[in-house]
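Listing of input-v3.cif, mmCIF, C-alpha atoms and all ligand atoms
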data_start
#
loop_
_atom_site.label_atom_id
_atom_site.label_comp_id
_atom_site.auth_asym_id
_atom_site.auth_seq_id
_atom_site.Cartn_x
_atom_site.Cartn_y
_atom_site.Cartn_z
CA MET A 1 -40.21 9.72 -19.66
CA THR A 2 -37.99 6.71 -19.61
CA VAL A 3 -39.26 3.51 -18.10
CA THR A 4 -37.49 0.22 -17.92
CA PRO A 5 -40.12 -2.46 -17.57
CA ASP A 6 -38.70 -5.95 -17.42
CA ARG A 7 -35.21 -4.66 -17.16
CA PRO A 8 -32.98 -7.10 -18.97
CA ALA A 9 -30.51 -9.21 -17.07
CA HIS A 10 -27.55 -7.34 -18.44
CA GLY A 11 -28.76 -4.16 -16.73
CA GLY A 12 -27.43 -5.15 -13.31
CA PRO A 13 -23.92 -5.52 -11.99
CA PRO A 14 -22.50 -8.71 -13.44
CA ALA A 15 -21.24 -10.19 -10.17
CA ARG A 16 -24.62 -9.92 -8.42
CA ASP A 17 -26.84 -10.84 -11.32
CA THR A 18 -28.72 -14.07 -10.72
CA SER A 19 -31.66 -13.45 -13.04
CA SER A 20 -30.05 -15.37 -15.85
CA THR A 21 -29.47 -18.44 -13.69
CA PRO A 22 -30.60 -21.50 -15.58
CA ALA A 23 -33.44 -23.63 -14.27
CA THR A 24 -30.92 -26.37 -13.53
CA GLU A 25 -29.32 -24.37 -10.70
CA THR A 26 -27.95 -26.78 -8.12
CA ILE A 27 -27.65 -26.32 -4.38
CA ILE A 28 -23.97 -25.60 -4.82
CA ASP A 29 -24.78 -22.92 -7.37
CA ARG A 30 -27.03 -21.42 -4.69
CA PHE A 31 -24.08 -21.47 -2.28
CA LEU A 32 -22.33 -19.03 -4.58
CA SER A 33 -25.19 -16.57 -4.68
CA SER A 34 -25.64 -16.85 -0.91
CA ASN A 35 -21.95 -16.30 -0.43
CA ARG A 36 -21.98 -13.10 -2.44
CA LYS A 37 -24.71 -11.76 -0.12
CA TYR A 38 -22.78 -12.95 2.94
CA ALA A 39 -19.63 -11.16 1.83
CA VAL A 40 -21.49 -7.84 1.59
CA THR A 41 -21.86 -7.63 5.37
CA PHE A 42 -18.88 -9.79 6.30
CA ARG A 43 -16.40 -8.04 8.57
CA ASP A 44 -12.92 -9.36 9.10
CA GLY A 45 -12.64 -9.45 12.89
CA GLY A 46 -8.90 -10.02 12.67
CA MET A 47 -9.30 -13.21 14.66
CA ASP A 48 -6.43 -15.51 15.45
CA ALA A 49 -6.54 -19.13 14.24
CA ARG A 50 -6.41 -20.28 17.88
CA PRO A 51 -9.93 -20.84 19.21
CA VAL A 52 -10.87 -18.25 21.83
CA GLN A 53 -12.49 -20.78 24.19
CA LYS A 54 -9.64 -23.30 23.76
CA VAL A 55 -12.13 -26.08 23.08
CA THR A 56 -12.68 -28.66 20.37
CA VAL A 57 -16.06 -30.23 19.71
CA VAL A 58 -16.23 -33.65 18.04
CA ALA A 59 -19.73 -34.29 16.76
CA CYS A 60 -21.81 -36.21 14.26
CA MET A 61 -22.35 -34.67 10.85
CA ASP A 62 -26.12 -34.93 11.37
CA ALA A 63 -27.96 -32.08 9.62
CA ARG A 64 -30.24 -31.44 12.62
CA LEU A 65 -27.39 -30.59 14.93
CA ASP A 66 -26.60 -26.85 14.96
CA LEU A 67 -23.60 -26.90 17.26
CA PHE A 68 -23.01 -23.18 17.45
CA ALA A 69 -26.59 -22.48 18.48
CA ALA A 70 -26.91 -25.52 20.75
CA LEU A 71 -23.70 -24.79 22.65
CA GLY A 72 -23.76 -21.00 22.64
CA LEU A 73 -20.63 -20.80 20.54
CA GLU A 74 -19.61 -17.84 18.45
CA LEU A 75 -17.36 -17.56 15.44
CA GLY A 76 -13.75 -18.05 16.50
CA ASP A 77 -14.62 -19.85 19.75
CA ALA A 78 -13.98 -23.50 18.95
CA HIS A 79 -12.67 -26.11 16.61
CA VAL A 80 -15.39 -28.39 15.31
CA ILE A 81 -14.59 -31.85 13.98
CA ARG A 82 -17.52 -33.65 12.42
CA ASN A 83 -17.95 -37.05 10.84
CA ALA A 84 -20.56 -39.79 10.53
CA GLY A 85 -21.41 -40.61 14.14
CA GLY A 86 -18.98 -38.16 15.71
CA VAL A 87 -16.69 -41.11 16.29
CA VAL A 88 -13.07 -40.87 17.31
CA THR A 89 -11.12 -42.27 14.38
CA ASP A 90 -7.42 -41.94 13.58
CA ASP A 91 -8.28 -38.87 11.55
CA THR A 92 -10.20 -37.38 14.47
CA ILE A 93 -7.10 -37.90 16.62
CA ARG A 94 -5.02 -36.25 13.88
CA SER A 95 -7.21 -33.14 14.02
CA LEU A 96 -7.35 -33.14 17.83
CA THR A 97 -3.59 -33.41 18.01
CA ILE A 98 -3.13 -30.44 15.70
CA SER A 99 -5.85 -28.54 17.56
CA GLN A 100 -4.05 -28.98 20.88
CA ARG A 101 -0.40 -28.92 19.91
CA ALA A 102 -0.45 -26.26 17.19
CA LEU A 103 -3.52 -24.21 18.04
CA GLY A 104 -3.73 -24.20 21.79
CA THR A 105 -7.00 -25.99 22.64
CA ARG A 106 -7.36 -27.87 25.95
CA SER A 107 -10.94 -29.09 26.39
CA ILE A 108 -12.76 -31.68 24.28
CA ALA A 109 -16.53 -32.21 24.06
CA LEU A 110 -17.83 -35.30 22.27
CA ILE A 111 -21.39 -35.16 20.99
CA HIS A 112 -23.46 -38.06 19.68
CA HIS A 113 -27.22 -37.78 19.23
CA THR A 114 -30.50 -39.63 19.25
CA GLY A 115 -31.73 -40.98 15.93
CA CYS A 116 -28.21 -41.25 14.51
CA GLY A 117 -27.94 -42.80 11.06
CA LEU A 118 -25.17 -45.06 12.33
CA LEU A 119 -27.54 -46.76 14.78
CA GLY A 120 -29.16 -48.69 11.92
CA LEU A 121 -25.94 -49.76 10.25
CA THR A 122 -23.71 -52.74 10.92
CA GLU A 123 -20.33 -53.82 9.66
CA ASP A 124 -22.33 -55.65 6.93
CA PHE A 125 -22.34 -52.25 5.23
CA ARG A 126 -18.61 -52.71 4.70
CA ARG A 127 -18.90 -56.26 3.44
CA GLU A 128 -21.69 -55.31 1.03
CA LEU A 129 -19.58 -52.45 -0.20
CA GLU A 130 -16.71 -54.83 -0.85
CA LEU A 131 -18.99 -57.15 -2.81
CA GLU A 132 -20.24 -54.24 -4.89
CA VAL A 133 -16.98 -52.52 -5.74
CA GLY A 134 -14.50 -55.36 -5.37
CA GLN A 135 -12.44 -53.62 -2.74
CA ARG A 136 -12.62 -53.64 1.03
CA PRO A 137 -12.54 -50.15 2.53
CA GLN A 138 -9.65 -49.38 4.85
CA TRP A 139 -11.97 -47.80 7.38
CA ALA A 140 -14.38 -49.33 9.85
CA VAL A 141 -18.03 -48.30 9.64
CA GLU A 142 -17.93 -47.55 13.39
CA SER A 143 -21.61 -48.38 13.69
CA PHE A 144 -23.09 -48.81 17.15
CA VAL A 145 -26.25 -50.01 18.88
CA ASP A 146 -25.56 -48.46 22.27
CA LEU A 147 -25.36 -44.67 22.11
CA ASP A 148 -24.14 -44.15 25.66
CA GLY A 149 -21.60 -46.96 25.28
CA ASP A 150 -20.26 -45.45 22.11
CA VAL A 151 -19.83 -42.05 23.75
CA ARG A 152 -17.89 -43.77 26.55
CA GLN A 153 -15.73 -45.56 24.01
CA SER A 154 -15.03 -42.29 22.22
CA MET A 155 -14.02 -40.61 25.51
CA GLN A 156 -11.76 -43.55 26.24
CA ARG A 157 -10.07 -43.32 22.84
CA VAL A 158 -9.36 -39.64 23.43
CA ARG A 159 -8.15 -40.09 27.00
CA THR A 160 -5.77 -42.87 26.06
CA SER A 161 -4.29 -41.22 22.98
CA PRO A 162 -0.55 -40.77 23.38
CA PHE A 163 -0.56 -37.82 20.99
CA LEU A 164 -2.76 -35.42 22.93
CA LEU A 165 -1.40 -32.92 25.42
CA HIS A 166 -4.58 -32.41 27.44
CA THR A 167 -7.01 -35.18 28.39
CA ASP A 168 -8.18 -33.94 31.79
CA ASP A 169 -11.23 -32.08 30.46
CA VAL A 170 -12.86 -34.58 28.10
CA ARG A 171 -16.64 -34.86 28.39
CA GLY A 172 -19.22 -36.75 26.36
CA PHE A 173 -22.88 -36.07 25.59
CA VAL A 174 -25.93 -37.31 23.74
CA PHE A 175 -27.92 -34.56 22.03
CA ASP A 176 -31.66 -35.20 21.84
CA VAL A 177 -32.83 -34.11 18.39
CA HIS A 178 -36.41 -33.71 19.67
CA THR A 179 -35.77 -31.58 22.76
CA GLY A 180 -32.49 -29.92 21.82
CA LEU A 181 -31.05 -30.94 25.18
CA LEU A 182 -27.67 -32.47 25.90
CA ARG A 183 -27.42 -35.40 28.31
CA GLU A 184 -24.00 -35.96 29.80
CA ILE A 185 -22.55 -39.46 29.72
CA HIS A 186 -20.34 -40.50 32.62
ZN ZN A 201 -25.47 -39.05 13.67
#
Whole structure, structure tokens version:
Amino acid sequence: MTVTPDRPAHGGPPARDTSSTPATETIIDRFLSSNRKYAVTFRDGGMDARPVQKVTVVACMDARLDLFAALGLELGDAHVIRNAGGVVTDDTIRSLTISQRALGTRSIALIHHTGCGLLGLTEDFRRELELEVGQRPQWAVESFVDLDGDVRQSMQRVRTSPFLLHTDDVRGFVFDVHTGLLREIH
């Protein structure tokens, strides 16, 4: 009878073997092992690069905000642009412009949220950074104290952009991280 107690690591297929992973495995190392599992059941749906629902969502990068679940989106439905605060910067406009002009989207939803990390920051962050590194960043911190006001400002920046093709369906929201509900800002 042949038994293989404590089968050595080299007994398994090399690509799937994680038993020899060192104790210093980082989160990004874990991404790779997760990705190998993901690819096993991944099916290429043959989707087009143009979002099915013709919508772009601009939202904060906050880790508590699961946009696909919160908005009922599925893979291939929408473009998602995320940054600190979900603010409309020049780079956000760049992505929105490409989204609309090259990839056919029409609607834009802007999503800020309660408890945003930017609520506690001020432009002092930028000045302190300059003192520390000897160089003033090119970008504004885009901090805010008034959530609703900042959503309105973001909507205004989108609606007044000369680069966008479609600004008739632009809506803004605050996502409540405690209830999971969106509140529309008018
Ligand atoms: Zn945030």
Name the residues, by chain letter and number, that sit within 8 Å of ligand ZN 201 (chain A) using only C-alpha atoms and all ligand atoms, and give them as a list of chain:residue names.
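If we count only C-alpha atoms and all ligand atoms, the neighbours of ligand ZN 201 (chain A) turn out to be A:Cys60, A:Met61, A:Asp62, A:Ala84, A:Gly85, A:Gly86, A:His112, A:His113, A:Thr114, A:Gly115, A:Cys116, A:Gly117, A:Leu118.
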Give me, as a list in words, all polymer residues having an atom no more than 10 Å from A:Ser95, counting all atoms listed in the file and skipping those fewer than 5 positions away in the same chain.
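After dropping sequence-adjacent residues, the list is Thr56, Val58, His79, Val80, Ile81, Thr89, Asp90, Gln100 and Arg101 of chain A.
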Find the spatial neighbours of A:Gly180, counting only C-alpha atoms, within a cut-off of 9 Å - ignore same-chain residues fewer than 5 positions away - and output them as a list of chain:residue names.
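The residues satisfying every condition are A:Leu65, A:Ala70, A:Phe175.
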The distance between atom CA of A:Arg127 and atom CA of A:Asp146 is 21.4 Å
Which residues are near A:Arg152? Cut-off 8 Å, all atoms listed in the file, ignore same chain within fewer than 4 positions. Put them as a ChimeraX atom specification.
/A:148,156,172,185-186
So that I can check the surroundings of A:Leu103, please list as an MDAnalysis selection string every protein, DNA and RNA residue that reaches within 8 Å of it, counting only C-alpha atoms and ignoring chain neighbours fewer than 6 positions away.
chainID A and resid 49:51
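Interatomic distance, atom CA of A:Thr97 to atom CA of A:Lys54: 13.1 Å.
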Centre and size of axis-aligned box enclosing stretch 139-153 of chain A plus 8 Å each side, as JSON:
{"center_x": -19.1, "center_y": -46.0, "center_z": 17.0, "size_x": 30.3, "size_y": 24.0, "size_z": 35.2}
Could you check the closest approach to A:Leu121 for each of A:Glu142, A:Ala109, A:Arg36, A:Leu75 and tell me which residue wins, using only C-alpha atoms?
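Under the stated criterion, the closest residue is A:Glu142.
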To one decimal place, how far is atom CA of A:Ala140 from atom CA of A:Phe173 in Å?
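So the answer is 22.3 Å.
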Nearest residue to A:Ser154 out of A:Ile98, A:Leu110, A:Thr26, A:Leu32, using all atoms listed in the file?
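Of A:Ile98, A:Leu110, A:Thr26, A:Leu32, the one nearest A:Ser154, counting all atoms listed in the file, is A:Leu110.
Comparing A:Met47, A:Val151, A:Leu71, A:Val52 by their smallest distance to A:Ile111, the closest is A:Val151 (using only C-alpha atoms).
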Fewer than 2 positions away in the same chain doesn't count, so skip those; otherwise give me all residues within 8 Å of A:Arg136, counting only C-alpha atoms, as a list in words.
Arg126, Arg127, Leu129, Glu130, Gly134 and Gln138 of chain A
